[in-house]
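Peer 1: Structure: work.txt, compact mmCIF, C-alpha atoms and all ligand atoms.
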# COMPACT_ATOMS: atom_id res chain seq x y z
CA MET A 882 0.00 0.00 0.00
CA THR A 883 1.35 3.34 -0.97
CA ASP A 884 0.73 6.56 0.87
CA ASP A 885 0.44 8.60 -2.28
CA ALA A 886 -3.07 7.30 -2.90
CA ALA A 887 -4.77 10.59 -2.28
CA CYS A 888 -8.00 9.61 -3.94
CA THR A 889 -11.03 8.34 -2.08
CA CYS A 890 -12.66 6.41 -4.89
CA LYS A 891 -14.04 2.92 -4.37
CA VAL A 892 -10.77 1.32 -5.45
CA SER A 893 -8.79 3.11 -2.74
CA ARG A 894 -11.39 2.76 -0.04
CA THR A 895 -11.87 -0.95 -0.72
CA ARG A 896 -8.15 -1.57 -0.89
CA ASP A 897 -7.56 0.19 2.41
CA GLU A 898 -10.45 -1.44 4.14
CA PHE A 899 -9.43 -4.96 3.21
CA ASP A 900 -5.68 -4.48 3.07
CA LEU A 901 -5.42 -5.65 -0.52
CA GLU A 902 -1.91 -5.96 -1.85
CA MET A 903 -2.48 -3.98 -5.01
CA ASP A 904 -0.69 -0.69 -4.79
CA ASP A 905 -1.10 1.97 -7.43
CA ASP A 906 2.38 1.54 -8.85
CA SER A 907 1.83 -2.10 -9.66
CA LEU A 908 -1.65 -1.43 -11.04
CA VAL A 909 -0.30 1.19 -13.42
CA ALA A 910 2.72 -0.94 -14.35
CA ALA A 911 0.53 -3.95 -15.12
CA TRP A 912 -1.81 -1.79 -17.18
CA GLN A 913 1.02 -0.29 -19.19
CA ASP A 914 2.45 -3.78 -19.71
CA GLY A 915 -0.72 -4.67 -21.56
CA THR A 916 -2.91 -6.16 -18.84
CA SER A 917 -6.43 -5.04 -19.66
CA VAL A 918 -8.55 -3.00 -17.27
CA ARG A 919 -10.97 -5.92 -17.27
CA GLU A 920 -8.24 -8.31 -16.11
CA LEU A 921 -7.02 -5.85 -13.48
CA THR A 922 -10.56 -5.46 -12.22
CA ARG A 923 -10.94 -9.19 -12.01
CA SER A 924 -7.71 -9.66 -10.03
CA PHE A 925 -8.75 -6.84 -7.74
CA ASN A 926 -12.18 -8.33 -7.12
CA GLU A 927 -10.77 -11.81 -6.59
CA ALA A 928 -8.34 -10.46 -4.01
CA LEU A 929 -11.21 -8.62 -2.37
CA ILE A 930 -13.38 -11.73 -2.23
CA GLU A 931 -10.52 -13.75 -0.82
CA ALA A 932 -9.80 -11.10 1.82
CA ARG A 933 -13.42 -10.95 2.84
CA LEU A 934 -13.83 -14.70 3.02
CA ASP A 935 -10.58 -14.97 4.98
CA ARG A 936 -12.10 -12.75 7.62
CA LEU A 937 -14.98 -15.08 8.24
CA ASP A 938 -14.88 -16.90 11.52
CA GLY A 939 -14.71 -20.63 11.19
CA SER A 940 -15.21 -20.62 7.47
CA SER A 941 -14.30 -23.74 5.62
CA THR A 942 -11.04 -23.83 3.72
CA THR A 943 -12.82 -24.85 0.55
CA TRP A 944 -13.44 -21.19 -0.31
CA ASN A 945 -10.39 -20.59 -2.41
CA ARG A 946 -11.35 -23.32 -4.76
CA LEU A 947 -14.82 -21.99 -5.29
CA PRO A 948 -15.05 -19.58 -8.19
CA VAL A 949 -17.01 -17.05 -6.19
CA TYR A 950 -16.14 -14.22 -8.51
CA ASP A 951 -17.50 -16.05 -11.53
CA ALA A 952 -20.67 -16.82 -9.64
CA LEU A 953 -21.24 -13.22 -8.60
CA LYS A 954 -20.03 -11.28 -11.57
CA THR A 955 -20.03 -13.36 -14.75
CA ASP A 956 -22.30 -15.66 -16.72
CA ASP A 957 -19.58 -18.26 -17.00
CA LEU A 958 -21.04 -20.77 -14.57
CA SER A 959 -24.14 -22.87 -14.84
CA GLU A 960 -27.13 -21.72 -12.86
CA ALA A 961 -26.81 -24.76 -10.61
CA ASP A 962 -23.21 -23.86 -9.76
CA VAL A 963 -24.14 -20.26 -9.06
CA ILE A 964 -26.95 -21.29 -6.71
CA GLU A 965 -24.61 -23.75 -5.00
CA ILE A 966 -22.01 -21.08 -4.39
CA GLN A 967 -24.55 -18.55 -3.18
CA ARG A 968 -25.92 -21.12 -0.72
CA GLU A 969 -22.39 -21.85 0.41
CA LEU A 970 -21.84 -18.14 1.03
CA GLU A 971 -25.08 -17.76 2.93
CA ARG A 972 -24.23 -20.76 5.07
CA ASP A 973 -21.10 -18.91 6.14
CA GLY A 974 -23.07 -15.77 6.87
CA VAL A 975 -22.23 -13.82 3.71
CA ASP A 976 -24.99 -12.07 1.80
CA PRO A 977 -24.13 -12.71 -1.87
CA ASP A 978 -25.82 -9.48 -2.97
CA GLU A 979 -23.95 -7.45 -0.40
CA LEU A 980 -20.66 -9.07 -1.42
CA ARG A 981 -21.44 -8.41 -5.07
CA SER A 982 -22.11 -4.75 -4.32
CA THR A 983 -18.63 -4.32 -2.83
CA LEU A 984 -16.97 -5.51 -6.05
CA ILE A 985 -15.67 -2.78 -8.30
CA SER A 986 -16.66 -2.36 -11.93
CA HIS A 987 -14.09 -2.04 -14.66
CA GLN A 988 -15.32 1.53 -15.21
CA THR A 989 -14.35 2.29 -11.62
CA MET A 990 -10.93 0.74 -12.15
CA TYR A 991 -10.52 2.70 -15.37
CA ARG A 992 -11.42 5.97 -13.65
CA HIS A 993 -9.05 5.21 -10.82
CA LEU A 994 -6.20 4.70 -13.29
CA THR A 995 -6.95 7.63 -15.55
CA SER A 996 -8.49 10.25 -13.23
CA CYS A 997 -7.14 9.47 -9.76
CA LEU A 998 -3.67 8.41 -10.91
CA ASP A 999 -3.54 10.40 -14.14
CA ALA A 1000 -2.02 7.43 -15.97
CA SER A 1001 -2.47 6.38 -19.56
CA ALA A 1002 -2.53 2.87 -20.96
CA SER A 1003 0.62 3.01 -23.00
CA PRO A 1004 2.56 6.27 -23.11
CA ASP A 1005 5.08 4.96 -25.63
CA PRO A 1006 4.54 2.07 -27.99
CA THR A 1007 7.05 -0.73 -27.47
CA PRO A 1008 9.39 -1.70 -30.35
CA ASP A 1009 7.20 -4.75 -30.92
CA GLU A 1010 4.12 -2.56 -31.19
CA ARG A 1011 5.85 -0.24 -33.63
CA ARG A 1012 6.91 -3.18 -35.81
CA GLU A 1013 3.41 -4.62 -35.66
CA LYS A 1014 1.98 -1.34 -36.87
CA ALA A 1015 4.53 -1.10 -39.68
CA ARG A 1016 3.62 -4.63 -40.76
CA ASP A 1017 -0.06 -3.75 -40.83
CA THR A 1018 0.60 -0.72 -43.00
CA VAL A 1019 2.85 -2.49 -45.49
CA TYR A 1020 0.80 -5.69 -45.73
CA ALA A 1021 -2.39 -3.72 -46.28
CA LEU A 1022 -0.67 -2.00 -49.17
CA GLN A 1023 0.62 -5.34 -50.44
CA ARG A 1024 -2.89 -6.81 -50.41
CA ARG A 1025 -4.22 -3.75 -52.16
CA THR A 1026 -1.55 -3.94 -54.85
CA THR A 1027 -2.48 -7.58 -55.46
CA LEU A 1028 -6.19 -6.77 -55.75
CA VAL A 1029 -5.70 -3.79 -58.03
CA THR A 1030 -3.37 -5.77 -60.27
CA GLU A 1031 -5.82 -8.66 -60.48
CA SER A 1032 -8.76 -6.44 -61.37
CA THR A 1033 -6.67 -4.56 -63.89
CA ILE A 1034 -5.77 -7.82 -65.60
CA GLU A 1035 -9.40 -8.86 -65.53
CA THR A 1036 -10.44 -5.68 -67.28
CA LEU A 1037 -7.83 -6.32 -69.97
CA GLN A 1038 -9.05 -9.92 -70.32
CA ASN A 1039 -12.66 -8.82 -70.64
CA THR A 1040 -11.79 -6.47 -73.46
CA GLY A 1041 -9.63 -9.08 -75.17
CA THR A 1042 -6.55 -6.96 -74.67
CA THR A 1043 -4.47 -9.72 -73.07
CA ASP A 1044 -4.25 -13.45 -73.54
CA LEU A 1045 -3.50 -14.42 -69.95
CA GLY A 1046 -5.33 -17.59 -68.93
CA ASP A 1047 -5.80 -17.78 -65.18
CA PRO A 1048 -3.32 -15.37 -63.64
CA ASP A 1049 -2.26 -15.32 -60.01
CA VAL A 1050 -0.62 -12.12 -58.78
CA LEU A 1051 2.19 -12.23 -56.26
CA VAL A 1052 3.49 -9.05 -54.67
CA ASP A 1053 6.84 -9.62 -53.06
CA ILE A 1054 8.39 -6.91 -50.94
CA GLN A 1055 12.14 -7.16 -50.65
CA VAL A 1056 14.33 -4.92 -48.57
CA LEU A 1057 17.99 -4.41 -49.42
CA CYS A 1058 20.74 -2.77 -47.45
CA ARG A 1059 22.85 -0.64 -49.76
CA GLU A 1060 25.76 -0.84 -47.33
CA CYS A 1061 26.22 -4.57 -46.76
CA GLY A 1062 24.13 -6.08 -49.53
CA TYR A 1063 21.80 -7.91 -47.12
CA SER A 1064 18.43 -8.63 -48.63
CA ALA A 1065 15.33 -10.22 -47.21
CA ASP A 1066 11.59 -10.02 -47.35
CA PHE A 1067 10.09 -7.11 -45.47
CA ASP A 1068 9.09 -9.00 -42.33
CA THR A 1069 12.41 -10.81 -41.95
CA ALA A 1070 14.39 -7.64 -42.60
CA LEU A 1071 12.33 -5.86 -39.99
CA THR A 1072 13.02 -8.39 -37.25
CA GLU A 1073 16.53 -9.53 -38.24
CA GLY A 1074 18.15 -6.30 -39.28
CA CYS A 1075 21.03 -6.38 -41.76
CA ASN A 1076 24.69 -7.33 -41.35
CA CYS A 1077 26.01 -3.81 -40.96
CA PRO A 1078 28.24 -3.47 -37.93
ZN ZN B 1101 -9.10 6.35 -7.15
ZN ZN B 1102 23.50 -3.35 -43.93
As structure tokens - that is how I would like this structure written.
Peer 2:
Amino acid sequence: MTDDAACTCKVSRTRDEFDLEMDDDSLVAAWQDGTSVRELTRSFNEALIEARLDRLDGSSTTWNRLPVYDALKTDDLSEADVIEIQRELERDGVDPDELRSTLISHQTMYRHLTSCLDASASPDPTPDERREKARDTVYALQRRTTLVTESTIETLQNTGTTDLGDPDVLVDIQVLCRECGYSADFDTALTEGCNCP
């Protein structure tokens, strides 16, 4: 728990109340590493449920194995399983609706990250993300070149201007290094780099 959590939103209040080990730094770091707000919310809520069930006097140790979160917050379980888990909770003196109401929504988590902590999902794209984007751009162009070439040929065929039978168009993108002579297809060149010192 960090002291710099000046906000009083549900995330902070819940975390303080139940001593959850999810400080703001690790939340932001996980988010910026690509963990979705939905996943963060889920981890948070699971930790909350565990903390609350841990506080029960004389509760059975079978709790951790029960997917309480799924029962309360998702449609992933069968109705029979959900009823079973809710009964189990009630038997231990927990009101399922009350427990559900203490869970945070992913909107709340999102607001905590963006408004309370003033963080953004990914301030700088990683090298992998930049390469991915470059690939998307170039391959979209490659596909387009193939399509345009094919339809151009078709037009020529329809007007009897060319004698091509059943043409297949291949667009190959090669990258060469003028310095060292390395050559490879675009994707390989992008990941491998050339042989220049
Ligand atoms: Zn907050
Ligand atoms: Zn080179």
Peer 1: Rounded to one decimal in Å, what is the spacing between CA of Asp897 (chain A) and CA of Ala1002 (chain A)?
Peer 2: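 We find that CA of Asp897 (chain A) and CA of Ala1002 (chain A) lie 24.1 Å from each other.
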Peer 1: Can you tell me which residues surround Pro948 (chain A) at a distance of at most 12 Å, considering all atoms listed in the file, apart from same-chain residues fewer than 3 positions away, and format the answer as an MDAnalysis selection string?
Peer 2: chainID A and resid 923 926:927 930:931 943:945 951:959 962:963 965:967 969:970
Peer 1: What do you get as a list in words if you pick all residues at most 10 Å from ligand ZN 1101 (chain B), counting all atoms listed in the file?
Peer 2: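 Residues lying within 10 Å of ligand ZN 1101 (chain B): Ala886, Ala887, Cys888, Thr889, Cys890, Lys891, Val892, Ser893, Arg894, Asp905, Thr989, Met990, Tyr991, Arg992, His993, Leu994, Thr995, Ser996, Cys997, Leu998 and Asp999 of chain A.
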Peer 1: What are the closest atom pairs, with distances in Å to one decimal, for each residue of chain A lying within 9 Å of ligand ZN 1102 (chain B), using only C-alpha atoms and all ligand atoms, rows by chain and rising residue number, as JSON lines?
Peer 2:
{"residue": "A:Leu1057", "atom": "CA", "partner": "B:ZN1102", "partner_atom": "ZN", "distance": 7.9}
{"residue": "A:Cys1058", "atom": "CA", "partner": "B:ZN1102", "partner_atom": "ZN", "distance": 4.5}
{"residue": "A:Arg1059", "atom": "CA", "partner": "B:ZN1102", "partner_atom": "ZN", "distance": 6.5}
{"residue": "A:Glu1060", "atom": "CA", "partner": "B:ZN1102", "partner_atom": "ZN", "distance": 4.8}
{"residue": "A:Cys1061", "atom": "CA", "partner": "B:ZN1102", "partner_atom": "ZN", "distance": 4.1}
{"residue": "A:Gly1062", "atom": "CA", "partner": "B:ZN1102", "partner_atom": "ZN", "distance": 6.3}
{"residue": "A:Tyr1063", "atom": "CA", "partner": "B:ZN1102", "partner_atom": "ZN", "distance": 5.8}
{"residue": "A:Ser1064", "atom": "CA", "partner": "B:ZN1102", "partner_atom": "ZN", "distance": 8.7}
{"residue": "A:Gly1074", "atom": "CA", "partner": "B:ZN1102", "partner_atom": "ZN", "distance": 7.7}
{"residue": "A:Cys1075", "atom": "CA", "partner": "B:ZN1102", "partner_atom": "ZN", "distance": 4.5}
{"residue": "A:Asn1076", "atom": "CA", "partner": "B:ZN1102", "partner_atom": "ZN", "distance": 4.9}
{"residue": "A:Cys1077", "atom": "CA", "partner": "B:ZN1102", "partner_atom": "ZN", "distance": 3.9}
{"residue": "A:Pro1078", "atom": "CA", "partner": "B:ZN1102", "partner_atom": "ZN", "distance": 7.6}
Peer 1: One number please: CA of Val909 (chain A) to CA of His987 (chain A), in Å, one decimal.
Peer 2: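 Value for the CA of Val909 (chain A)-CA of His987 (chain A) distance: 14.2 Å.
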Peer 1: Using all atoms listed in the file for the distances, tell me which of A:Ser982, A:Gln988, A:Thr895, A:Thr1026 is nearest to Leu1051 (chain A).
Peer 2: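 Nearest to Leu1051 (chain A): A:Thr1026.
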Peer 1: Quick one: residues within 9 Å of Met903 (chain A), all atoms listed in the file, excluding same-chain residues fewer than 3 positions away - as a list of chain:residue names?
Peer 2: A:Met882, A:Arg896, A:Asp900, A:Asp906, A:Ser907, A:Leu908, A:Phe925, A:Ala928
Peer 1: CA of Ile1054 (chain A) and CA of Ala1021 (chain A) are how many Å apart?
Peer 2: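 Calculated distance between CA of Ile1054 (chain A) and CA of Ala1021 (chain A) is 12.2 Å.
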Peer 1: For Glu898 (chain A), which residue among A:Thr1030, A:Ser986, A:Ala932, A:Asn1039 is the nearest when counting all atoms listed in the file?
Peer 2: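 Among the listed residues, A:Ala932 lies closest to Glu898 (chain A).
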Peer 1: Please identify all polymer residues within 8 Å of Phe1067 (chain A), counting only C-alpha atoms, omitting same-chain residues fewer than 3 positions from it, and present them as a PyMOL selection string.
Peer 2: chain A and resi 1054-1056+1070-1071
Peer 1: Could you check the closest approach to Pro1008 (chain A) for each of A:Glu979, A:Thr1072, A:Thr1040, A:Ala910 and tell me which residue wins, using only C-alpha atoms?
Peer 2: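 Of A:Glu979, A:Thr1072, A:Thr1040, A:Ala910, the one nearest Pro1008 (chain A) is A:Thr1072, counting only C-alpha atoms.
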Peer 1: Looking at only C-alpha atoms, which of A:Glu971, A:Thr1036, A:Pro1006, A:Val918 is the one that sits closest to Leu934 (chain A)?
Peer 2: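 Ranked by minimum distance to Leu934 (chain A), first place goes to A:Glu971.
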Peer 1: Using all atoms listed in the file, find the one residue out of A:Glu1073, A:Asp1053, A:Asp1005, A:Glu1035 that sits nearest to Tyr1020 (chain A).
Peer 2: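 When distances to Tyr1020 (chain A) are compared using all atoms listed in the file, the smallest one comes from A:Asp1053.
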Peer 1: Go through A:Arg981, A:Ala1000, A:Ser1032, A:Arg936 one by one, measure the shortest atom-to-atom distance of each to Gln913 (chain A) using all atoms listed in the file, and give the residue with the smallest value.
Peer 2: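 Among the listed residues, A:Ala1000 lies closest to Gln913 (chain A).
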Peer 1: Using only the atoms of region 1029-1037 of chain A listed in the file, plus 6 Å on each side, state the axis-aligned box centre and edge lengths in Å rounded to one decimal, as JSON.
Peer 2:
{"center_x": -6.9, "center_y": -6.3, "center_z": -64.0, "size_x": 19.1, "size_y": 17.1, "size_z": 23.9}
Peer 1: Taking all heavy atoms as the atom set, what does region 961-972 of chain A look like once completed, written as a compact mmCIF listing (two decimals), keeping the file's coordinate frame?
Peer 2:
# COMPACT_ATOMS: atom_id res chain seq x y z
N ALA A 961 -26.90 -23.87 -11.77
CA ALA A 961 -26.81 -24.76 -10.61
C ALA A 961 -25.57 -24.44 -9.78
O ALA A 961 -25.63 -24.38 -8.55
CB ALA A 961 -26.77 -26.21 -11.09
N ASP A 962 -24.44 -24.19 -10.47
CA ASP A 962 -23.21 -23.86 -9.76
C ASP A 962 -23.34 -22.54 -9.01
O ASP A 962 -22.87 -22.40 -7.89
CB ASP A 962 -22.04 -23.77 -10.75
CG ASP A 962 -21.55 -25.15 -11.17
OD1 ASP A 962 -21.90 -26.12 -10.47
OD2 ASP A 962 -20.85 -25.25 -12.19
N VAL A 963 -23.97 -21.57 -9.68
CA VAL A 963 -24.14 -20.26 -9.06
C VAL A 963 -24.98 -20.38 -7.79
O VAL A 963 -24.61 -19.85 -6.73
CB VAL A 963 -24.81 -19.26 -10.05
CG1 VAL A 963 -25.16 -17.95 -9.33
CG2 VAL A 963 -23.89 -18.99 -11.23
N ILE A 964 -26.07 -21.11 -7.88
CA ILE A 964 -26.95 -21.29 -6.71
C ILE A 964 -26.18 -21.99 -5.59
O ILE A 964 -26.24 -21.60 -4.43
CB ILE A 964 -28.20 -22.10 -7.11
CG1 ILE A 964 -29.07 -21.23 -8.03
CG2 ILE A 964 -28.98 -22.55 -5.89
CD1 ILE A 964 -30.24 -21.96 -8.66
N GLU A 965 -25.42 -23.00 -5.96
CA GLU A 965 -24.61 -23.75 -5.00
C GLU A 965 -23.65 -22.82 -4.25
O GLU A 965 -23.53 -22.87 -3.03
CB GLU A 965 -23.85 -24.85 -5.76
CG GLU A 965 -22.64 -25.42 -5.05
CD GLU A 965 -23.03 -26.54 -4.11
OE1 GLU A 965 -23.99 -27.25 -4.45
OE2 GLU A 965 -22.39 -26.68 -3.04
N ILE A 966 -22.98 -21.98 -5.00
CA ILE A 966 -22.01 -21.08 -4.39
C ILE A 966 -22.70 -20.03 -3.52
O ILE A 966 -22.23 -19.70 -2.42
CB ILE A 966 -21.13 -20.42 -5.49
CG1 ILE A 966 -20.19 -21.48 -6.08
CG2 ILE A 966 -20.33 -19.26 -4.94
CD1 ILE A 966 -19.48 -21.04 -7.33
N GLN A 967 -23.83 -19.53 -3.98
CA GLN A 967 -24.55 -18.55 -3.18
C GLN A 967 -25.04 -19.17 -1.87
O GLN A 967 -24.97 -18.54 -0.81
CB GLN A 967 -25.73 -18.00 -3.99
CG GLN A 967 -25.24 -17.18 -5.19
CD GLN A 967 -26.31 -16.32 -5.80
OE1 GLN A 967 -27.50 -16.53 -5.55
NE2 GLN A 967 -25.92 -15.36 -6.61
N ARG A 968 -25.48 -20.41 -1.95
CA ARG A 968 -25.92 -21.12 -0.72
C ARG A 968 -24.74 -21.27 0.23
O ARG A 968 -24.86 -21.08 1.43
CB ARG A 968 -26.44 -22.51 -1.09
CG ARG A 968 -27.83 -22.48 -1.65
CD ARG A 968 -28.64 -23.68 -1.18
NE ARG A 968 -29.90 -23.72 -1.90
CZ ARG A 968 -30.13 -24.52 -2.93
NH1 ARG A 968 -29.22 -25.38 -3.33
NH2 ARG A 968 -31.29 -24.48 -3.56
N GLU A 969 -23.63 -21.65 -0.36
CA GLU A 969 -22.39 -21.85 0.41
C GLU A 969 -22.01 -20.55 1.15
O GLU A 969 -21.64 -20.58 2.31
CB GLU A 969 -21.30 -22.27 -0.58
CG GLU A 969 -20.03 -22.83 0.03
CD GLU A 969 -20.20 -24.26 0.53
OE1 GLU A 969 -21.08 -24.98 -0.01
OE2 GLU A 969 -19.49 -24.63 1.45
N LEU A 970 -22.14 -19.44 0.43
CA LEU A 970 -21.84 -18.14 1.03
C LEU A 970 -22.79 -17.85 2.18
O LEU A 970 -22.38 -17.46 3.28
CB LEU A 970 -21.95 -17.02 -0.03
CG LEU A 970 -20.82 -16.90 -1.05
CD1 LEU A 970 -21.22 -15.97 -2.18
CD2 LEU A 970 -19.55 -16.40 -0.39
N GLU A 971 -24.07 -18.04 1.91
CA GLU A 971 -25.08 -17.76 2.93
C GLU A 971 -24.88 -18.62 4.17
O GLU A 971 -25.05 -18.16 5.30
CB GLU A 971 -26.49 -17.96 2.34
CG GLU A 971 -26.93 -16.77 1.50
CD GLU A 971 -28.09 -17.08 0.56
OE1 GLU A 971 -28.53 -18.25 0.52
OE2 GLU A 971 -28.54 -16.15 -0.13
N ARG A 972 -24.48 -19.85 3.94
CA ARG A 972 -24.23 -20.76 5.07
C ARG A 972 -23.13 -20.20 5.97
O ARG A 972 -23.12 -20.40 7.17
CB ARG A 972 -23.84 -22.14 4.52
CG ARG A 972 -24.31 -23.29 5.37
CD ARG A 972 -24.05 -24.61 4.66
NE ARG A 972 -24.84 -24.75 3.44
CZ ARG A 972 -24.44 -25.40 2.34
NH1 ARG A 972 -23.23 -25.93 2.30
NH2 ARG A 972 -25.22 -25.51 1.30
